$ cat target16.cif   # mmCIF, C-alpha atoms
data_target
#
loop_
_atom_site.label_atom_id
_atom_site.label_comp_id
_atom_site.auth_asym_id
_atom_site.auth_seq_id
_atom_site.Cartn_x
_atom_site.Cartn_y
_atom_site.Cartn_z
CA MET O 26 6.47 13.55 20.83
CA GLU O 27 8.98 10.83 21.60
CA ARG O 28 10.68 9.45 18.50
CA ILE O 29 10.95 5.77 19.34
CA THR O 30 12.78 5.20 16.06
CA GLU O 31 15.57 7.47 17.37
CA LEU O 32 16.07 5.66 20.69
CA SER O 33 19.43 4.02 21.30
CA SER O 34 19.91 0.53 19.90
CA HIS O 35 19.46 -2.43 22.25
CA TYR O 36 22.91 -3.56 21.06
CA ARG O 37 26.25 -2.01 21.99
CA HIS O 38 29.72 -2.05 20.43
CA LEU O 39 28.58 -3.26 17.03
CA GLU O 40 32.09 -2.78 15.67
CA GLN O 41 33.31 -5.53 18.00
CA MET O 42 30.79 -8.12 16.80
CA SER O 43 31.72 -10.89 14.38
CA VAL O 44 29.97 -11.07 11.02
CA SER O 45 27.89 -13.96 12.34
CA GLU O 46 26.83 -11.94 15.39
CA LEU O 47 25.92 -8.95 13.27
CA LEU O 48 23.78 -10.98 10.90
CA HIS O 49 22.04 -13.00 13.62
CA ASN O 50 21.30 -9.93 15.74
CA MET O 51 19.92 -7.96 12.80
CA ASN O 52 17.76 -10.93 11.86
CA LYS O 53 16.54 -11.20 15.44
CA GLU O 54 15.38 -7.58 15.29
CA ASP O 55 13.81 -8.06 11.86
CA GLN O 56 11.67 -10.90 13.21
CA THR O 57 9.79 -8.38 15.38
CA VAL O 58 8.61 -6.37 12.37
CA PRO O 59 5.74 -8.59 11.13
CA HIS O 60 4.20 -8.54 14.61
CA SER O 61 4.33 -4.74 14.61
CA VAL O 62 2.70 -4.65 11.19
CA ALA O 63 -0.03 -7.05 12.35
CA GLN O 64 -0.89 -4.66 15.17
CA ALA O 65 -1.61 -1.95 12.57
CA ILE O 66 -3.97 -4.01 10.37
CA PRO O 67 -7.11 -2.48 11.98
CA GLN O 68 -5.79 0.92 10.85
CA MET O 69 -5.04 -0.29 7.33
CA GLU O 70 -8.49 -1.75 6.71
CA PRO O 71 -10.50 1.51 6.54
CA LEU O 72 -7.73 3.12 4.48
CA VAL O 73 -7.91 0.34 1.88
CA ALA O 74 -11.71 0.62 1.80
CA ALA O 75 -11.50 4.37 1.20
CA ILE O 76 -8.97 3.94 -1.62
CA VAL O 77 -11.10 1.28 -3.34
CA GLU O 78 -14.20 3.47 -3.14
CA LYS O 79 -12.38 6.40 -4.74
CA MET O 80 -10.73 4.24 -7.42
CA LYS O 81 -14.06 2.73 -8.43
CA GLY O 82 -15.14 6.28 -9.15
CA GLY O 83 -12.07 6.93 -11.31
CA GLY O 84 -9.69 8.16 -8.61
CA ARG O 85 -6.00 7.48 -8.19
CA LEU O 86 -3.59 6.71 -5.34
CA PHE O 87 -0.54 8.86 -4.66
CA TYR O 88 2.36 8.24 -2.27
CA ILE O 89 4.50 11.12 -1.01
CA GLY O 90 7.69 10.73 1.00
CA ALA O 91 11.32 11.75 1.40
CA GLY O 92 14.51 9.68 1.49
CA THR O 93 14.00 5.98 2.16
CA SER O 94 10.27 6.44 2.69
CA GLY O 95 9.88 8.25 -0.61
CA ARG O 96 11.88 5.58 -2.45
CA LEU O 97 9.67 2.84 -1.00
CA GLY O 98 6.58 4.65 -2.26
CA VAL O 99 8.08 5.04 -5.73
CA LEU O 100 9.04 1.35 -5.71
CA ASP O 101 5.57 0.16 -4.77
CA ALA O 102 3.88 2.40 -7.32
CA SER O 103 6.24 1.29 -10.10
CA GLU O 104 5.40 -2.36 -9.49
CA ILE O 105 1.62 -2.00 -9.81
CA PRO O 106 1.31 -1.67 -13.64
CA PRO O 107 3.37 -4.77 -14.55
CA THR O 108 1.84 -6.86 -11.76
CA PHE O 109 -1.80 -5.96 -12.27
CA GLY O 110 -1.94 -4.59 -15.81
CA VAL O 111 -3.24 -1.13 -14.90
CA GLY O 112 -2.12 2.23 -16.26
CA GLU O 113 0.90 3.97 -14.77
CA GLU O 114 -1.32 6.84 -13.62
CA MET O 115 -3.41 4.67 -11.27
CA VAL O 116 -0.80 4.53 -8.48
CA MET O 117 2.03 7.08 -8.42
CA GLY O 118 4.91 7.70 -6.04
CA LEU O 119 6.43 11.16 -5.52
CA ILE O 120 9.66 11.80 -3.64
CA ALA O 121 10.95 15.06 -2.18
CA GLY O 122 13.57 16.38 -4.57
CA GLY O 123 12.05 14.73 -7.63
CA ASP O 124 13.24 11.69 -9.54
CA TYR O 125 16.89 12.67 -9.04
CA ALA O 126 16.38 11.98 -5.33
CA ILE O 127 15.59 8.31 -6.01
CA ARG O 128 19.32 7.68 -6.43
CA HIS O 129 20.88 10.73 -4.79
CA PRO O 130 20.35 12.77 -1.60
CA VAL O 131 18.85 16.20 -2.28
CA GLU O 132 19.78 18.78 0.35
CA ASP O 133 16.85 20.29 2.29
CA ALA O 134 14.25 18.73 -0.06
CA GLU O 135 12.27 17.23 2.80
CA ASP O 136 12.10 20.52 4.74
CA ASN O 137 9.84 22.38 2.30
CA THR O 138 6.28 22.19 3.64
CA ARG O 139 4.64 23.48 0.45
CA GLN O 140 6.52 21.51 -2.20
CA ALA O 141 4.49 18.29 -1.98
CA TRP O 142 1.29 20.05 -3.01
CA LYS O 143 3.11 21.66 -5.93
CA ASP O 144 4.42 18.23 -6.96
CA LEU O 145 0.94 16.71 -6.71
CA SER O 146 -0.67 19.58 -8.61
CA VAL O 147 1.32 18.64 -11.73
CA PHE O 148 -1.00 15.62 -11.96
CA ASN O 149 -4.20 17.69 -11.66
CA ILE O 150 -4.99 16.03 -8.35
CA ASP O 151 -8.56 16.40 -7.11
CA GLN O 152 -11.07 15.09 -4.57
CA GLN O 153 -11.37 11.75 -6.36
CA ASP O 154 -7.77 10.93 -5.43
CA VAL O 155 -6.23 9.57 -2.21
CA VAL O 156 -2.78 10.58 -0.91
CA ILE O 157 -0.70 8.50 1.52
CA GLY O 158 2.22 10.19 3.24
CA ILE O 159 5.12 7.92 4.20
CA ALA O 160 7.59 8.97 6.92
CA ALA O 161 9.16 6.70 9.52
CA SER O 162 9.72 9.61 11.88
CA GLY O 163 6.26 11.07 11.44
CA THR O 164 7.81 14.54 11.42
CA THR O 165 8.98 15.10 7.82
CA PRO O 166 7.83 18.62 6.80
CA TYR O 167 7.44 17.76 3.09
CA VAL O 168 5.03 14.95 3.92
CA ILE O 169 3.13 16.70 6.73
CA GLY O 170 2.66 19.84 4.66
CA GLY O 171 1.52 17.76 1.71
CA LEU O 172 -1.18 16.00 3.71
CA GLU O 173 -2.33 19.25 5.31
CA ASP O 174 -2.71 20.83 1.87
CA CYS O 175 -4.55 17.76 0.60
CA ARG O 176 -7.03 17.85 3.47
CA ALA O 177 -7.54 21.59 2.97
CA ASN O 178 -8.49 20.80 -0.64
CA GLY O 179 -10.92 18.03 0.31
CA LEU O 180 -8.78 14.97 -0.47
CA ILE O 181 -8.74 11.81 1.61
CA THR O 182 -5.36 11.24 3.24
CA GLY O 183 -3.55 8.34 4.91
CA CYS O 184 -0.08 7.87 6.30
CA ILE O 185 2.42 5.19 7.26
CA THR O 186 4.71 6.08 10.15
CA CYS O 187 6.72 4.20 12.76
CA ASN O 188 6.31 6.55 15.72
CA PRO O 189 3.09 6.92 17.71
CA ASN O 190 1.22 10.21 18.17
CA SER O 191 3.16 12.00 15.44
CA PRO O 192 2.31 15.25 13.61
CA LEU O 193 2.00 13.19 10.44
CA ALA O 194 -0.65 10.94 11.98
CA ALA O 195 -2.53 14.04 13.11
CA ALA O 196 -2.53 15.32 9.52
CA ALA O 197 -4.00 12.08 8.09
CA ASP O 198 -7.61 10.93 7.91
CA PHE O 199 -6.41 7.32 8.10
CA PRO O 200 -3.11 7.08 10.03
CA VAL O 201 -1.27 3.76 10.06
CA GLU O 202 1.21 3.64 12.93
CA ILE O 203 3.63 0.70 12.91
CA VAL O 204 5.77 1.00 16.03
CA THR O 205 8.95 -0.92 15.29
CA GLY O 206 11.11 0.37 18.15
CA PRO O 207 14.81 1.28 18.16
CA GLU O 208 16.90 0.27 15.19
CA PHE O 209 19.89 -2.10 15.31
CA VAL O 210 22.03 0.84 14.20
CA THR O 211 20.59 3.74 16.20
CA GLY O 212 18.33 5.92 14.05
CA SER O 213 18.86 3.96 10.82
CA THR O 214 15.21 3.74 9.80
CA ARG O 215 16.11 2.12 6.46
CA MET O 216 16.22 -1.07 8.56
CA LYS O 217 13.20 -2.18 10.64
CA ALA O 218 11.09 0.87 9.92
CA GLY O 219 11.78 0.60 6.20
CA THR O 220 10.91 -3.09 6.25
CA ALA O 221 7.65 -2.33 8.05
CA GLN O 222 6.75 0.36 5.52
CA LYS O 223 7.48 -1.97 2.62
CA LEU O 224 5.26 -4.69 4.14
CA ALA O 225 2.45 -2.21 4.72
CA LEU O 226 2.67 -0.84 1.18
CA ASN O 227 2.60 -4.39 -0.21
CA MET O 228 -0.51 -5.16 1.80
CA ILE O 229 -2.35 -1.94 1.03
CA SER O 230 -1.73 -1.80 -2.73
CA THR O 231 -2.23 -5.53 -3.27
CA SER O 232 -5.49 -5.52 -1.30
CA VAL O 233 -6.69 -2.55 -3.33
CA MET O 234 -5.88 -4.25 -6.65
CA ILE O 235 -7.60 -7.47 -5.58
CA GLN O 236 -10.68 -5.49 -4.54
CA MET O 237 -10.56 -3.76 -7.92
CA GLY O 238 -10.82 -7.14 -9.65
CA ARG O 239 -7.24 -7.37 -10.91
CA VAL O 240 -6.69 -10.93 -9.58
CA LEU O 241 -8.58 -14.10 -10.51
CA ASP O 242 -8.48 -16.83 -7.85
CA ASN O 243 -4.88 -16.32 -6.70
CA LYS O 244 -3.38 -15.49 -10.10
CA MET O 245 -2.08 -12.27 -11.71
CA VAL O 246 -4.22 -12.70 -14.81
CA ASP O 247 -3.68 -9.09 -15.93
CA MET O 248 0.11 -9.00 -15.55
CA GLN O 249 2.17 -7.49 -18.35
CA LEU O 250 4.05 -10.05 -20.43
CA THR O 251 7.38 -8.26 -20.34
CA ASN O 252 9.77 -11.24 -20.44
CA ASP O 253 9.96 -14.96 -21.22
CA LYS O 254 9.46 -15.95 -17.57
CA LEU O 255 6.15 -14.10 -17.38
CA VAL O 256 5.00 -15.48 -20.73
CA ASP O 257 5.74 -18.98 -19.44
CA ARG O 258 3.85 -18.24 -16.22
CA GLY O 259 0.88 -16.98 -18.23
CA VAL O 260 0.89 -20.05 -20.47
CA LYS O 261 0.80 -22.30 -17.43
CA MET O 262 -2.15 -20.36 -16.02
CA LEU O 263 -4.05 -20.97 -19.26
CA ILE O 264 -3.14 -24.66 -19.25
CA SER O 265 -4.43 -24.96 -15.69
CA ASN O 266 -7.69 -23.11 -16.37
CA LEU O 267 -8.51 -24.27 -19.89
CA ASP O 268 -6.99 -27.77 -19.98
CA ILE O 269 -5.16 -27.17 -23.26
CA HIS O 270 -1.62 -27.96 -24.43
CA TYR O 271 1.35 -25.64 -23.97
CA ASP O 272 1.72 -24.55 -27.59
CA GLU O 273 -1.97 -23.78 -27.97
CA ALA O 274 -2.01 -21.86 -24.70
CA LYS O 275 1.00 -19.81 -25.80
CA LYS O 276 -0.67 -19.02 -29.14
CA TRP O 277 -3.76 -17.66 -27.39
CA LEU O 278 -1.71 -15.72 -24.83
CA LEU O 279 0.48 -13.99 -27.39
CA LYS O 280 -2.50 -13.19 -29.58
CA TYR O 281 -4.49 -11.47 -26.84
CA GLY O 282 -1.68 -10.13 -24.64
CA SER O 283 -2.95 -11.15 -21.21
CA VAL O 284 -4.13 -14.26 -19.41
CA ARG O 285 -7.57 -12.79 -18.73
CA LYS O 286 -8.17 -11.70 -22.34
CA ALA O 287 -6.88 -15.00 -23.73
CA MET O 288 -9.05 -16.98 -21.32
CA ASP O 289 -12.16 -14.96 -22.16
CA ALA O 290 -11.56 -15.25 -25.91
CA TYR O 291 -10.95 -18.99 -25.75
CA GLN O 292 -14.05 -19.61 -23.66
CA ASN O 293 -16.18 -17.44 -25.92
CA GLU O 294 -15.02 -19.40 -28.96
CA GLN O 295 -15.79 -22.69 -27.24
CA ASN O 296 -19.27 -21.49 -26.34
CA LEU O 297 -19.91 -20.50 -29.96
CA VAL O 298 -18.78 -23.92 -31.16
CA LYS O 299 -21.14 -25.62 -28.69
CA SER O 300 -24.05 -23.44 -29.70
#

$ encode --input "target16.cif" --output "structure tokens"
Amino acid sequence: MERITELSSHYRHLEQMSVSELLHNMNKEDQTVPHSVAQAIPQMEPLVAAIVEKMKGGGRLFYIGAGTSGRLGVLDASEIPPTFGVGEEMVMGLIAGGDYAIRHPVEDAEDNTRQAWKDLSVFNIDQQDVVIGIAASGTTPYVIGGLEDCRANGLITGCITCNPNSPLAAAADFPVEIVTGPEFVTGSTRMKAGTAQKLALNMISTSVMIQMGRVLDNKMVDMQLTNDKLVDRGVKMLISNLDIHYDEAKKWLLKYGSVRKAMDAYQNEQNLVKS
């Protein structure tokens, strides 16, 4: 296969560019990424539907990746509980080399074709779960081997890659191919490819959570109240939905711990008063 992500940059002699030229040229390249992601939406749709179906039956979503791709999976998974108020086990990100590899390179970690299944097995993974492999190149052995082992054990698999017709796509039931082209710095897939993967992960996980009922209208009514900013945001949601004053809204929010629970409790009390 041709690795488009490894093709030579369209730009030459980067070291001779001014700071302004560097920034403008990188931004020019970045502007092509959303179009590439849009082209892959038809591939994302059945993957999201499959994840939702499994989750409604008690399943979980796992990401596996190495290097930048693995870190992006860990990042997306870590943001789901505080944003949507679900348990940490519902979406999990695994990176080749373990948690140490989130901050540090781990030599040869991505070359072990059997390690991903071992890492997944720690979580008693089964056919109710879905595994998405993330690899810009589409050739990372850790990720390919992981998906192959998952399929052999009857699990649904997806992938996010930035090269077409890759071994990774062949190993996935639902491949998502976002072809972003050569990087500004040749081969540096932390740039456009990484941006594309981040956008795709945002879209997939957010769509899944909305389909699972974790958003009301356009609000994060199940978010965790982990700081003053989020408490204030939750209070304002209650004010908007219940037409009550700030102090009363804050009292209900802090008592019940989430916007949804506070809203339900308040409305139930009002219904009892009326009856």

$ residues_around --input "target16.cif" --residues "Ile264 (chain O)" --least-positions-apart "4" --cutoff "12 Å" --atoms "all atoms listed in the file" --output "CSV table (one decimal) with C-alpha atoms, in the coordinates of the input"
chain,number,residue,atom,x,y,z
O,257,ASP,CA,5.7,-19.0,-19.4
O,258,ARG,CA,3.8,-18.2,-16.2
O,259,GLY,CA,0.9,-17.0,-18.2
O,260,VAL,CA,0.9,-20.0,-20.5
O,268,ASP,CA,-7.0,-27.8,-20.0
O,269,ILE,CA,-5.2,-27.2,-23.3
O,270,HIS,CA,-1.6,-28.0,-24.4
O,271,TYR,CA,1.4,-25.6,-24.0
O,272,ASP,CA,1.7,-24.6,-27.6
O,273,GLU,CA,-2.0,-23.8,-28.0
O,274,ALA,CA,-2.0,-21.9,-24.7
O,275,LYS,CA,1.0,-19.8,-25.8
O,276,LYS,CA,-0.7,-19.0,-29.1
O,277,TRP,CA,-3.8,-17.7,-27.4
O,278,LEU,CA,-1.7,-15.7,-24.8
O,284,VAL,CA,-4.1,-14.3,-19.4
O,287,ALA,CA,-6.9,-15.0,-23.7
O,288,MET,CA,-9.0,-17.0,-21.3
O,291,TYR,CA,-11.0,-19.0,-25.8

$ residues_around --input "target16.cif" --residues "Ser191 (chain O)" --least-positions-apart "2" --cutoff "7 Å" --atoms "all atoms listed in the file" --output "number ranges by chain"
O: 26, 163-164, 188-189, 193-195

$ resolve_selection --input "target16.cif" --expression "the PyMOL selection byres ((chain O and resi 219) around 12)" --output "mmCIF file with C-alpha atoms, keeping the file's coordinate frame"
data_model
loop_
_atom_site.group_PDB
_atom_site.id
_atom_site.type_symbol
_atom_site.label_atom_id
_atom_site.label_comp_id
_atom_site.auth_asym_id
_atom_site.auth_seq_id
_atom_site.Cartn_x
_atom_site.Cartn_y
_atom_site.Cartn_z
ATOM 1 C CA THR O 30 12.780 5.200 16.060
ATOM 2 C CA ASP O 55 13.810 -8.060 11.860
ATOM 3 C CA VAL O 58 8.610 -6.370 12.370
ATOM 4 C CA VAL O 62 2.700 -4.650 11.190
ATOM 5 C CA GLY O 92 14.510 9.680 1.490
ATOM 6 C CA THR O 93 14.000 5.980 2.160
ATOM 7 C CA SER O 94 10.270 6.440 2.690
ATOM 8 C CA GLY O 95 9.880 8.250 -0.610
ATOM 9 C CA ARG O 96 11.880 5.580 -2.450
ATOM 10 C CA LEU O 97 9.670 2.840 -1.000
ATOM 11 C CA GLY O 98 6.580 4.650 -2.260
ATOM 12 C CA ILE O 159 5.120 7.920 4.200
ATOM 13 C CA ALA O 160 7.590 8.970 6.920
ATOM 14 C CA ALA O 161 9.160 6.700 9.520
ATOM 15 C CA SER O 162 9.720 9.610 11.880
ATOM 16 C CA ILE O 185 2.420 5.190 7.260
ATOM 17 C CA THR O 186 4.710 6.080 10.150
ATOM 18 C CA CYS O 187 6.720 4.200 12.760
ATOM 19 C CA ILE O 203 3.630 0.700 12.910
ATOM 20 C CA VAL O 204 5.770 1.000 16.030
ATOM 21 C CA THR O 205 8.950 -0.920 15.290
ATOM 22 C CA GLY O 206 11.110 0.370 18.150
ATOM 23 C CA GLU O 208 16.900 0.270 15.190
ATOM 24 C CA GLY O 212 18.330 5.920 14.050
ATOM 25 C CA SER O 213 18.860 3.960 10.820
ATOM 26 C CA THR O 214 15.210 3.740 9.800
ATOM 27 C CA ARG O 215 16.110 2.120 6.460
ATOM 28 C CA MET O 216 16.220 -1.070 8.560
ATOM 29 C CA LYS O 217 13.200 -2.180 10.640
ATOM 30 C CA ALA O 218 11.090 0.870 9.920
ATOM 31 C CA THR O 220 10.910 -3.090 6.250
ATOM 32 C CA ALA O 221 7.650 -2.330 8.050
ATOM 33 C CA GLN O 222 6.750 0.360 5.520
ATOM 34 C CA LYS O 223 7.480 -1.970 2.620
ATOM 35 C CA LEU O 224 5.260 -4.690 4.140
ATOM 36 C CA ALA O 225 2.450 -2.210 4.720
ATOM 37 C CA LEU O 226 2.670 -0.840 1.180
#

$ closest_residue --input "target16.cif" --among "O:Tyr36, O:Phe109, O:Tyr281, O:Trp142" --to "Gln236 (chain O)" --atoms "only C-alpha atoms"
O:Phe109

$ residues_around --input "target16.cif" --residues "Gln153 (chain O)" --least-positions-apart "6" --cutoff "7 Å" --atoms "all atoms listed in the file" --output "PyMOL selection string"
chain O and resi 79+83-84
